[in-house]
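Containing mmCIF, C-alpha atoms: protein28.cif.
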data_model
loop_
_atom_site.group_PDB
_atom_site.id
_atom_site.type_symbol
_atom_site.label_atom_id
_atom_site.label_comp_id
_atom_site.auth_asym_id
_atom_site.auth_seq_id
_atom_site.Cartn_x
_atom_site.Cartn_y
_atom_site.Cartn_z
ATOM 1 C CA ILE A 1 77.349 103.560 114.839
ATOM 2 C CA VAL A 2 79.054 106.642 113.385
ATOM 3 C CA THR A 3 81.858 104.487 111.977
ATOM 4 C CA GLY A 4 79.361 102.096 110.408
ATOM 5 C CA LEU A 5 77.378 104.918 108.807
ATOM 6 C CA LEU A 6 80.525 106.507 107.420
ATOM 7 C CA LEU A 7 81.755 103.257 105.918
ATOM 8 C CA ALA A 8 78.327 102.621 104.440
ATOM 9 C CA LEU A 9 78.393 106.065 102.867
ATOM 10 C CA LEU A 10 81.826 105.441 101.396
ATOM 11 C CA GLY A 11 80.557 102.188 99.949
ATOM 12 C CA THR A 12 77.779 103.948 98.022
ATOM 13 C CA LEU A 13 80.073 106.404 96.262
ATOM 14 C CA ALA A 14 81.325 105.770 92.737
ATOM 15 C CA PRO A 15 84.649 103.908 92.586
ATOM 16 C CA ALA A 16 86.720 106.979 91.800
ATOM 17 C CA CYS A 17 89.918 105.181 90.859
ATOM 18 C CA ALA A 18 88.343 102.358 88.885
ATOM 19 C CA ALA A 19 85.333 103.723 86.979
ATOM 20 C CA GLU A 20 87.205 106.117 84.694
ATOM 21 C CA PRO A 21 90.533 106.027 82.821
ATOM 22 C CA ALA A 22 93.545 107.165 84.827
ATOM 23 C CA THR A 23 94.591 110.290 82.959
ATOM 24 C CA ALA A 24 96.081 112.480 85.686
ATOM 25 C CA TYR A 25 98.472 111.991 88.577
ATOM 26 C CA LEU A 26 98.335 112.631 92.322
ATOM 27 C CA PHE A 27 101.296 112.948 94.668
ATOM 28 C CA THR A 28 100.605 112.220 98.334
ATOM 29 C CA TYR A 29 103.230 113.772 100.603
ATOM 30 C CA PHE A 30 104.007 115.294 103.979
ATOM 31 C CA THR A 31 105.810 118.469 105.019
ATOM 32 C CA LYS A 32 108.148 119.321 107.877
ATOM 33 C CA ASN A 33 107.859 116.500 110.467
ATOM 34 C CA GLY A 34 104.447 115.254 109.339
ATOM 35 C CA GLU A 35 102.606 116.879 112.214
ATOM 36 C CA ASP A 36 99.829 118.440 110.120
ATOM 37 C CA GLY A 37 99.007 115.399 107.996
ATOM 38 C CA LEU A 38 98.392 114.608 104.344
ATOM 39 C CA HIS A 39 99.223 116.965 101.483
ATOM 40 C CA LEU A 40 98.403 116.487 97.801
ATOM 41 C CA ALA A 41 99.812 117.734 94.516
ATOM 42 C CA TRP A 42 98.625 116.941 91.011
ATOM 43 C CA SER A 43 100.088 116.794 87.518
ATOM 44 C CA ALA A 44 98.871 116.237 83.968
ATOM 45 C CA ASP A 45 102.229 114.950 82.712
ATOM 46 C CA GLY A 46 104.289 113.807 85.702
ATOM 47 C CA TYR A 47 106.652 116.765 85.403
ATOM 48 C CA LYS A 48 104.786 119.902 86.455
ATOM 49 C CA TRP A 49 103.301 119.413 89.943
ATOM 50 C CA GLU A 50 100.881 121.838 91.583
ATOM 51 C CA LYS A 51 99.757 121.727 95.197
ATOM 52 C CA LEU A 52 96.082 121.251 95.985
ATOM 53 C CA ASN A 53 93.985 122.842 98.735
ATOM 54 C CA ASP A 54 96.335 125.846 98.684
ATOM 55 C CA GLY A 55 98.971 123.659 100.324
ATOM 56 C CA LYS A 56 96.819 122.882 103.364
ATOM 57 C CA SER A 57 96.519 119.376 104.761
ATOM 58 C CA PHE A 58 93.687 117.084 103.647
ATOM 59 C CA LEU A 59 93.742 114.823 106.713
ATOM 60 C CA ALA A 60 95.080 115.479 110.210
ATOM 61 C CA PRO A 61 96.836 112.600 112.032
ATOM 62 C CA THR A 62 95.087 111.211 115.121
ATOM 63 C CA VAL A 63 96.682 107.802 115.758
ATOM 64 C CA GLY A 64 99.974 106.652 117.218
ATOM 65 C CA ARG A 65 101.746 108.021 120.255
ATOM 66 C CA SER A 66 103.412 110.755 118.223
ATOM 67 C CA LYS A 67 100.388 111.488 116.001
ATOM 68 C CA LEU A 68 102.450 112.102 112.890
ATOM 69 C CA MET A 69 101.599 111.377 109.263
ATOM 70 C CA ARG A 70 104.881 110.798 107.448
ATOM 71 C CA ASP A 71 105.504 108.860 104.223
ATOM 72 C CA PRO A 72 101.824 108.584 103.173
ATOM 73 C CA CYS A 73 101.394 105.770 100.646
ATOM 74 C CA VAL A 74 98.133 105.291 98.711
ATOM 75 C CA VAL A 75 96.855 102.535 96.444
ATOM 76 C CA CYS A 76 93.520 101.904 94.732
ATOM 77 C CA GLY A 77 91.966 98.504 95.371
ATOM 78 C CA ALA A 78 89.706 96.445 93.128
ATOM 79 C CA ASP A 79 86.645 98.058 94.758
ATOM 80 C CA GLY A 80 87.691 101.575 93.769
ATOM 81 C CA THR A 81 88.610 102.677 97.291
ATOM 82 C CA PHE A 82 91.894 104.442 97.973
ATOM 83 C CA ARG A 83 93.747 102.876 100.915
ATOM 84 C CA MET A 84 96.474 104.819 102.706
ATOM 85 C CA VAL A 85 99.148 103.831 105.228
ATOM 86 C CA TRP A 86 101.729 106.073 106.873
ATOM 87 C CA THR A 87 104.485 106.321 109.481
ATOM 88 C CA SER A 88 102.713 107.424 112.664
ATOM 89 C CA GLY A 89 105.822 108.002 114.806
ATOM 90 C CA TRP A 90 109.588 107.732 114.958
ATOM 91 C CA ASN A 91 109.841 104.920 117.512
ATOM 92 C CA GLU A 92 106.620 102.913 117.409
ATOM 93 C CA ASN A 93 105.542 99.378 116.547
ATOM 94 C CA ASP A 94 102.476 100.443 114.582
ATOM 95 C CA ILE A 95 101.512 102.345 111.432
ATOM 96 C CA GLY A 96 98.482 104.450 110.497
ATOM 97 C CA TYR A 97 95.695 103.473 108.096
ATOM 98 C CA ALA A 98 92.613 105.163 106.577
ATOM 99 C CA SER A 99 90.594 104.938 103.359
ATOM 100 C CA THR A 100 88.707 107.314 101.078
ATOM 101 C CA ARG A 101 86.867 107.570 97.769
ATOM 102 C CA ASP A 102 87.633 111.211 97.077
ATOM 103 C CA PHE A 103 90.459 112.365 99.431
ATOM 104 C CA ILE A 104 87.963 114.618 101.193
ATOM 105 C CA THR A 105 85.815 112.233 103.246
ATOM 106 C CA TRP A 106 87.848 109.619 105.098
ATOM 107 C CA SER A 107 87.167 106.529 107.172
ATOM 108 C CA PRO A 108 88.199 106.684 110.842
ATOM 109 C CA GLU A 109 91.962 106.396 111.236
ATOM 110 C CA GLN A 110 93.301 103.128 112.640
ATOM 111 C CA GLU A 111 96.509 101.936 114.230
ATOM 112 C CA ILE A 112 97.838 98.706 112.752
ATOM 113 C CA PRO A 113 100.288 97.171 115.285
ATOM 114 C CA VAL A 114 102.431 95.564 112.603
ATOM 115 C CA MET A 115 105.412 94.841 114.889
ATOM 116 C CA ALA A 116 103.590 94.122 118.157
ATOM 117 C CA SER A 117 105.042 90.599 118.100
ATOM 118 C CA GLU A 118 108.544 92.082 118.473
ATOM 119 C CA PRO A 119 108.640 93.798 121.880
ATOM 120 C CA THR A 120 112.115 95.288 121.333
ATOM 121 C CA VAL A 121 111.484 96.693 117.837
ATOM 122 C CA ARG A 122 112.731 100.238 117.450
ATOM 123 C CA ASN A 123 110.611 101.522 114.593
ATOM 124 C CA SER A 124 108.076 100.915 111.814
ATOM 125 C CA TRP A 125 109.041 103.281 109.018
ATOM 126 C CA ALA A 126 107.854 104.173 105.524
ATOM 127 C CA PRO A 127 105.043 101.650 105.077
ATOM 128 C CA GLU A 128 103.944 100.861 101.516
ATOM 129 C CA ILE A 129 100.647 99.358 100.414
ATOM 130 C CA HIS A 130 100.024 97.597 97.101
ATOM 131 C CA TYR A 131 97.163 95.532 95.734
ATOM 132 C CA ASP A 132 98.061 91.932 94.926
ATOM 133 C CA GLU A 133 95.752 90.952 92.066
ATOM 134 C CA LYS A 134 97.043 87.386 92.105
ATOM 135 C CA ARG A 135 95.828 86.829 95.688
ATOM 136 C CA SER A 136 93.036 89.444 95.777
ATOM 137 C CA GLU A 137 94.553 91.047 98.862
ATOM 138 C CA PHE A 138 96.667 93.984 99.960
ATOM 139 C CA ILE A 139 100.317 93.668 100.871
ATOM 140 C CA ILE A 140 101.802 96.154 103.338
ATOM 141 C CA PHE A 141 105.554 96.354 103.954
ATOM 142 C CA TRP A 142 107.823 98.673 105.941
ATOM 143 C CA ALA A 143 111.314 98.980 107.470
ATOM 144 C CA SER A 144 112.071 97.982 111.068
ATOM 145 C CA THR A 145 115.114 97.485 113.253
ATOM 146 C CA ILE A 146 114.977 94.573 115.702
ATOM 147 C CA PRO A 147 117.983 94.706 118.059
ATOM 148 C CA GLY A 148 120.098 91.545 117.971
ATOM 149 C CA LYS A 149 119.063 90.519 114.456
ATOM 150 C CA PHE A 150 121.283 90.699 111.359
ATOM 151 C CA THR A 151 124.370 91.212 113.481
ATOM 152 C CA GLU A 152 126.617 91.090 110.417
ATOM 153 C CA THR A 153 125.468 94.625 109.572
ATOM 154 C CA ALA A 154 125.015 95.947 113.116
ATOM 155 C CA GLY A 155 125.807 99.635 113.363
ATOM 156 C CA ALA A 156 125.649 100.121 109.580
ATOM 157 C CA SER A 157 123.175 102.994 109.849
ATOM 158 C CA GLU A 158 122.908 106.093 112.001
ATOM 159 C CA SER A 159 121.972 105.689 115.682
ATOM 160 C CA ASP A 160 122.638 101.921 115.473
ATOM 161 C CA TYR A 161 119.635 101.318 113.225
ATOM 162 C CA ASN A 162 119.897 98.154 111.153
ATOM 163 C CA HIS A 163 116.772 97.894 109.030
ATOM 164 C CA ARG A 164 115.181 95.061 107.100
ATOM 165 C CA ILE A 165 111.836 95.072 105.291
ATOM 166 C CA TYR A 166 108.890 93.215 106.887
ATOM 167 C CA PHE A 167 105.356 92.627 105.613
ATOM 168 C CA THR A 168 101.807 91.563 106.323
ATOM 169 C CA THR A 169 98.744 91.021 104.126
ATOM 170 C CA THR A 170 95.022 91.680 104.528
ATOM 171 C CA LYS A 171 91.798 91.438 102.576
ATOM 172 C CA ASP A 172 89.577 93.520 104.838
ATOM 173 C CA PHE A 173 91.820 95.646 107.121
ATOM 174 C CA GLU A 174 90.326 93.882 110.110
ATOM 175 C CA THR A 175 92.476 90.751 110.158
ATOM 176 C CA PHE A 176 96.120 90.686 109.160
ATOM 177 C CA ALA A 177 98.508 87.850 108.416
ATOM 178 C CA PRO A 178 101.372 87.375 110.898
ATOM 179 C CA THR A 179 104.273 89.701 110.158
ATOM 180 C CA LYS A 180 107.166 88.095 108.275
ATOM 181 C CA LEU A 181 110.493 89.144 106.813
ATOM 182 C CA PHE A 182 109.907 90.558 103.316
ATOM 183 C CA TYR A 183 113.338 91.541 101.996
ATOM 184 C CA ASP A 184 116.891 91.105 103.263
ATOM 185 C CA PRO A 185 119.483 92.168 100.681
ATOM 186 C CA GLY A 186 122.367 91.724 103.118
ATOM 187 C CA PHE A 187 122.569 95.382 104.105
ATOM 188 C CA SER A 188 120.524 97.868 106.127
ATOM 189 C CA VAL A 189 117.631 98.572 103.757
ATOM 190 C CA ILE A 190 114.789 101.082 103.920
ATOM 191 C CA ASP A 191 112.176 102.897 101.832
ATOM 192 C CA ALA A 192 111.174 99.969 99.630
ATOM 193 C CA THR A 193 108.564 100.626 96.931
ATOM 194 C CA PHE A 194 107.232 98.908 93.824
ATOM 195 C CA LEU A 195 107.145 100.082 90.241
ATOM 196 C CA HIS A 196 104.445 98.145 88.383
ATOM 197 C CA ALA A 197 104.821 98.244 84.604
ATOM 198 C CA ASP A 198 104.298 96.027 81.562
ATOM 199 C CA GLY A 199 103.160 93.051 83.619
ATOM 200 C CA HIS A 200 106.261 93.079 85.809
ATOM 201 C CA HIS A 201 107.084 94.317 89.303
ATOM 202 C CA TYR A 202 110.276 96.165 90.205
ATOM 203 C CA LEU A 203 111.264 96.592 93.847
ATOM 204 C CA ILE A 204 113.148 99.838 94.443
ATOM 205 C CA VAL A 205 115.105 100.086 97.703
ATOM 206 C CA LYS A 206 117.499 102.408 99.457
ATOM 207 C CA ASP A 207 120.817 101.158 100.834
ATOM 208 C CA GLU A 208 120.875 102.842 104.248
ATOM 209 C CA THR A 209 124.540 102.021 104.948
ATOM 210 C CA ARG A 210 126.282 104.981 106.582
ATOM 211 C CA ASN A 211 129.825 103.649 106.849
ATOM 212 C CA PRO A 212 130.997 103.733 104.128
ATOM 213 C CA PRO A 213 128.278 106.068 102.814
ATOM 214 C CA LYS A 214 125.962 104.606 100.193
ATOM 215 C CA LYS A 215 122.457 106.093 100.530
ATOM 216 C CA TYR A 216 121.526 105.309 96.925
ATOM 217 C CA LEU A 217 118.657 103.548 95.135
ATOM 218 C CA GLN A 218 118.694 100.169 93.368
ATOM 219 C CA ILE A 219 116.104 97.957 91.623
ATOM 220 C CA ALA A 220 115.316 94.218 91.749
ATOM 221 C CA GLU A 221 112.769 92.616 89.397
ATOM 222 C CA CYS A 222 110.187 90.028 90.476
ATOM 223 C CA ASP A 223 107.197 88.207 89.005
ATOM 224 C CA ASP A 224 105.336 87.928 92.325
ATOM 225 C CA LEU A 225 104.775 90.702 94.863
ATOM 226 C CA GLN A 226 106.050 88.397 97.600
ATOM 227 C CA GLY A 227 109.212 87.507 95.680
ATOM 228 C CA PRO A 228 111.625 85.953 95.048
ATOM 229 C CA PHE A 229 113.515 89.035 93.948
ATOM 230 C CA GLY A 230 116.194 89.141 91.298
ATOM 231 C CA ARG A 231 119.668 90.552 91.595
ATOM 232 C CA LEU A 232 119.868 94.226 92.510
ATOM 233 C CA SER A 233 120.838 96.616 89.756
ATOM 234 C CA PRO A 234 123.781 98.979 90.114
ATOM 235 C CA PRO A 235 122.857 102.235 91.892
ATOM 236 C CA PHE A 236 120.933 104.538 89.541
ATOM 237 C CA THR A 237 120.782 107.775 91.537
ATOM 238 C CA PRO A 238 123.602 110.327 91.088
ATOM 239 C CA PRO A 239 126.817 109.504 92.983
ATOM 240 C CA GLY A 240 127.071 111.284 96.311
ATOM 241 C CA LEU A 241 123.433 112.420 96.279
ATOM 242 C CA TRP A 242 121.856 110.911 99.388
ATOM 243 C CA SER A 243 118.413 109.706 98.400
ATOM 244 C CA GLU A 244 115.316 108.505 100.222
ATOM 245 C CA GLY A 245 111.584 107.948 99.844
ATOM 246 C CA PRO A 246 111.406 106.767 96.216
ATOM 247 C CA THR A 247 108.112 106.441 94.359
ATOM 248 C CA ALA A 248 107.791 105.358 90.747
ATOM 249 C CA ILE A 249 105.396 105.206 87.796
ATOM 250 C CA LYS A 250 105.460 104.603 84.053
ATOM 251 C CA ILE A 251 104.058 107.476 81.978
ATOM 252 C CA GLY A 252 104.036 106.837 78.262
ATOM 253 C CA GLY A 253 107.367 105.254 77.460
ATOM 254 C CA ASP A 254 109.139 106.758 80.485
ATOM 255 C CA TYR A 255 109.840 105.064 83.784
ATOM 256 C CA LEU A 256 109.964 107.885 86.333
ATOM 257 C CA VAL A 257 111.400 107.533 89.830
ATOM 258 C CA TYR A 258 110.889 110.489 92.179
ATOM 259 C CA PHE A 259 112.870 110.723 95.409
ATOM 260 C CA ASP A 260 113.829 113.093 98.188
ATOM 261 C CA ALA A 261 117.424 114.308 97.874
ATOM 262 C CA TYR A 262 117.170 115.060 101.547
ATOM 263 C CA THR A 263 120.677 116.298 102.358
ATOM 264 C CA ALA A 264 120.466 118.644 99.354
ATOM 265 C CA HIS A 265 117.005 119.770 100.551
ATOM 266 C CA HIS A 266 115.146 119.266 97.279
ATOM 267 C CA TYR A 267 113.051 116.690 95.434
ATOM 268 C CA ALA A 268 114.637 114.907 92.486
ATOM 269 C CA ALA A 269 113.710 112.522 89.682
ATOM 270 C CA MET A 270 115.313 109.986 87.368
ATOM 271 C CA CYS A 271 113.966 108.785 84.012
ATOM 272 C CA SER A 272 114.633 105.630 82.004
ATOM 273 C CA ARG A 273 113.283 103.888 78.913
ATOM 274 C CA ASP A 274 114.771 100.470 79.751
ATOM 275 C CA LEU A 275 115.397 100.513 83.550
ATOM 276 C CA LYS A 276 119.117 100.249 82.824
ATOM 277 C CA THR A 277 120.161 103.629 81.453
ATOM 278 C CA TRP A 278 119.027 106.565 83.567
ATOM 279 C CA GLU A 279 118.799 110.309 83.064
ATOM 280 C CA ASP A 280 118.586 112.866 85.849
ATOM 281 C CA VAL A 281 115.457 114.876 84.961
ATOM 282 C CA THR A 282 115.289 116.939 88.141
ATOM 283 C CA ALA A 283 115.828 120.151 86.184
ATOM 284 C CA LYS A 284 112.753 119.344 84.078
ATOM 285 C CA MET A 285 110.560 118.928 87.165
ATOM 286 C CA SER A 286 108.510 121.518 89.007
ATOM 287 C CA PHE A 287 107.575 120.611 92.595
ATOM 288 C CA PRO A 288 105.484 122.637 95.074
ATOM 289 C CA ASP A 289 107.202 124.973 97.531
ATOM 290 C CA GLU A 290 110.757 123.919 96.643
ATOM 291 C CA GLY A 291 113.307 125.763 98.762
ATOM 292 C CA THR A 292 110.848 126.422 101.595
ATOM 293 C CA PRO A 293 110.215 124.721 104.990
ATOM 294 C CA VAL A 294 106.990 123.184 103.613
ATOM 295 C CA ARG A 295 108.557 121.587 100.551
ATOM 296 C CA LEU A 296 107.340 118.194 99.391
ATOM 297 C CA ARG A 297 108.676 115.237 101.398
ATOM 298 C CA HIS A 298 108.560 111.417 100.949
ATOM 299 C CA GLY A 299 105.310 110.527 99.245
ATOM 300 C CA THR A 300 103.657 108.396 96.572
ATOM 301 C CA VAL A 301 102.650 109.037 92.973
ATOM 302 C CA ILE A 302 99.497 107.377 91.610
ATOM 303 C CA ALA A 303 97.486 107.619 88.391
ATOM 304 C CA VAL A 304 93.877 108.767 88.840
ATOM 305 C CA PRO A 305 90.939 109.925 86.696
ATOM 306 C CA ALA A 306 91.178 113.558 85.658
ATOM 307 C CA ALA A 307 87.658 114.069 87.037
ATOM 308 C CA LEU A 308 88.905 113.329 90.552
ATOM 309 C CA VAL A 309 91.633 115.953 90.261
ATOM 310 C CA ALA A 310 89.114 118.438 88.841
ATOM 311 C CA LYS A 311 86.905 118.020 91.919
ATOM 312 C CA LEU A 312 89.867 118.522 94.230
ATOM 313 C CA ARG A 313 90.955 121.635 92.319
ATOM 314 C CA ASP A 314 87.445 123.113 92.415
ATOM 315 C CA ARG A 315 87.006 122.522 96.125
ATOM 316 C CA PRO A 316 87.472 125.642 98.276
ATOM 317 C CA ALA A 317 90.691 125.488 100.283
ATOM 318 C CA SER A 318 90.209 124.385 103.876
ATOM 319 C CA SER A 319 92.276 123.064 106.760
ATOM 320 C CA ALA A 320 92.271 119.367 107.537
ATOM 321 C CA THR A 321 90.059 117.869 110.180
ATOM 322 C CA ALA A 322 90.261 114.447 111.749
ATOM 323 C CA HIS A 323 87.562 111.951 110.721
#
With the file now loaded, output its structure as structure tokens.
Amino acid sequence: IVTGLLLALLGTLAPACAAEPATAYLFTYFTKNGEDGLHLAWSADGYKWEKLNDGKSFLAPTVGRSKLMRDPCVVCGADGTFRMVWTSGWNENDIGYASTRDFITWSPEQEIPVMASEPTVRNSWAPEIHYDEKRSEFIIFWASTIPGKFTETAGASESDYNHRIYFTTTKDFETFAPTKLFYDPGFSVIDATFLHADGHHYLIVKDETRNPPKKYLQIAECDDLQGPFGRLSPPFTPPGLWSEGPTAIKIGGDYLVYFDAYTAHHYAAMCSRDLKTWEDVTAKMSFPDEGTPVRLRHGTVIAVPAALVAKLRDRPASSATAH
């Protein structure tokens, strides 16, 4: 009954991400190991980012064996609701899911057992959610290692991980299509995300190969969210800078890709006007709590109405509670 009333309430609220022009930007992220949940930062230009809620979490994790909330990814659907998925544990076959209209009141958290059909799967990492306008449904994809598969790259990543990207789809978050292979570039791949711009889709992925070290980002263009995908571009992140958790957006004429330069312990960004020539714009960026244990980690950037950010900024700071 409580769940039904909450969902009914959410359904009566104005569609915050669809009713007004998207004129500001939100960054969903986690800190440390993801134990305290969802953090948010905002920006007016995509360069200067300020933390919201005084750096406190907006939503505490309650699902999964490990009850973590890592790699939070958010998208706005056609109904104006924000949908979020996240990594709920290091070695689990499920991911977390919840929805909101305002980032303050949330639906009950759910476990989605995306890899339950693979009893030996080692992980379900860095899930992404995107709205497929062509099919009027959501596509969710993530990285998993299934022992015994893709033996040609066995042992390519740390701890014998050998990732490929898998996916499912849903219209209502109650029923989900059977999990299928989404992307196999011929190497251990992780942290896939889409950049949507100018009527095209660009899949950004990380080469997770450890020996020899690669750990860089590349892009493949596609016309359909389910592929096929074009040839991968050359690496566009700086040589030797191990990168993970990319998220991307077009602001004005700039394509911006943010990522965690995790071995250097800072967030970084690349900028392009043509998706071929790239400039490192990290020095032009300002991220919350850089150089501290609660610095920004693997998240997602989205465009939102400025009014939504204004409400979040005006709200008194408070610690997250589970809904």
Shell of 10 Å around Tyr202 (chain A), only C-alpha atoms, local chain residues under 5 positions omitted, as JSON, numbers by chain
{"A": [193, 194, 195, 196, 197, 218, 219, 220, 221, 222, 223, 224, 225, 229, 230, 248, 275]}
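Between Lys56 (chain A) and the residues A:Ser272, A:Thr145, A:Ser157, A:Ser318, the shortest atom-to-atom distance, using only C-alpha atoms, involves A:Ser318.
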For Asp94 (chain A): contacts at 12 Å, all atoms listed in the file, fewer than 3 positions along chain excluded, given as a ChimeraX atom specification
/A:63-68,85-91,97,110-119,121-127,141-144,179
What is the distance, in Å and to one decimal place, between CA of Trp278 (chain A) and CA of Val257 (chain A)?
9.9 Å
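Going from CA of Lys284 (chain A) to CA of Ile251 (chain A) covers 14.9 Å.
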Quick one: pull the distance between CA of Val189 (chain A) and CA of Phe150 (chain A), Å, one decimal.
11.5 Å
For a cut-off of 10 Å around (104.9, 105.7, 85.5), file coordinates, pick out all residues using all atoms listed in the file and list them as a count of residues only.
20
Could you check the closest approach to Thr23 (chain A) for each of A:Lys51, A:Val309, A:Ala317, A:Tyr166 and tell me which residue wins, using all atoms listed in the file?
A:Val309
Near-Phe103 (chain A) list (10 Å; all atoms listed in the file; drop same-chain fewer than 3 positions) as an NGL selection string:
:A and (38 or 40 or 58-59 or 82 or 99-100 or 106 or 308-309 or 312)
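Those residues returned by the PyMOL selection byres ((chain A and resi 245) around 6) for this file are Asp191, Glu244, Pro246, Phe259, Asp260 and His298 of chain A.
Take the candidates A:Val75, A:Ile95, A:His266, A:Ser57 and check each one against Pro288 (chain A) using all atoms listed in the file; the shortest distance goes to A:His266.
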Using only C-alpha atoms, which of the listed residues (A:Leu52, A:Ala78, A:Ala22, A:Ile146) sits closest to Ser188 (chain A)?
A:Ile146
As a ChimeraX atom specification, please: the residues near Pro212 (chain A) (cut-off 10 Å, all atoms listed in the file, same-chain neighbours under 2 positions excluded).
/A:156-157,209-210,214-215
Got time to write the residues from that selection, C-alpha atoms, as a PDB file, in the frame of the given file?
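Once written, selection09.pdb looks like this:
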ATOM      1  CA  ALA A 156     125.649 100.121 109.580  1.00  0.00           C
ATOM      2  CA  SER A 157     123.175 102.994 109.849  1.00  0.00           C
ATOM      3  CA  THR A 209     124.540 102.021 104.948  1.00  0.00           C
ATOM      4  CA  ARG A 210     126.282 104.981 106.582  1.00  0.00           C
ATOM      5  CA  LYS A 214     125.962 104.606 100.193  1.00  0.00           C
ATOM      6  CA  LYS A 215     122.457 106.093 100.530  1.00  0.00           C
TER       7      LYS A 215
END
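The residues caught by the PyMOL selection byres ((chain A and resi 137) around 12) in this file are A:Val75, A:Cys76, A:Gly77, A:Ala78, A:Asp79, A:Ile129, A:His130, A:Tyr131, A:Asp132, A:Glu133, A:Lys134, A:Arg135, A:Ser136, A:Phe138, A:Ile139, A:Ile140, A:Thr168, A:Thr169, A:Thr170, A:Lys171, A:Asp172, A:Phe173, A:Thr175, A:Phe176, A:Ala177, A:Leu225, A:Gln226.
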Could you state which residues are captured by the PyMOL selection byres ((chain A and resi 186) around 12) in this file, as a ChimeraX atom specification?
/A:149-154,156,162-165,183-185,187-189,207-209,231-232
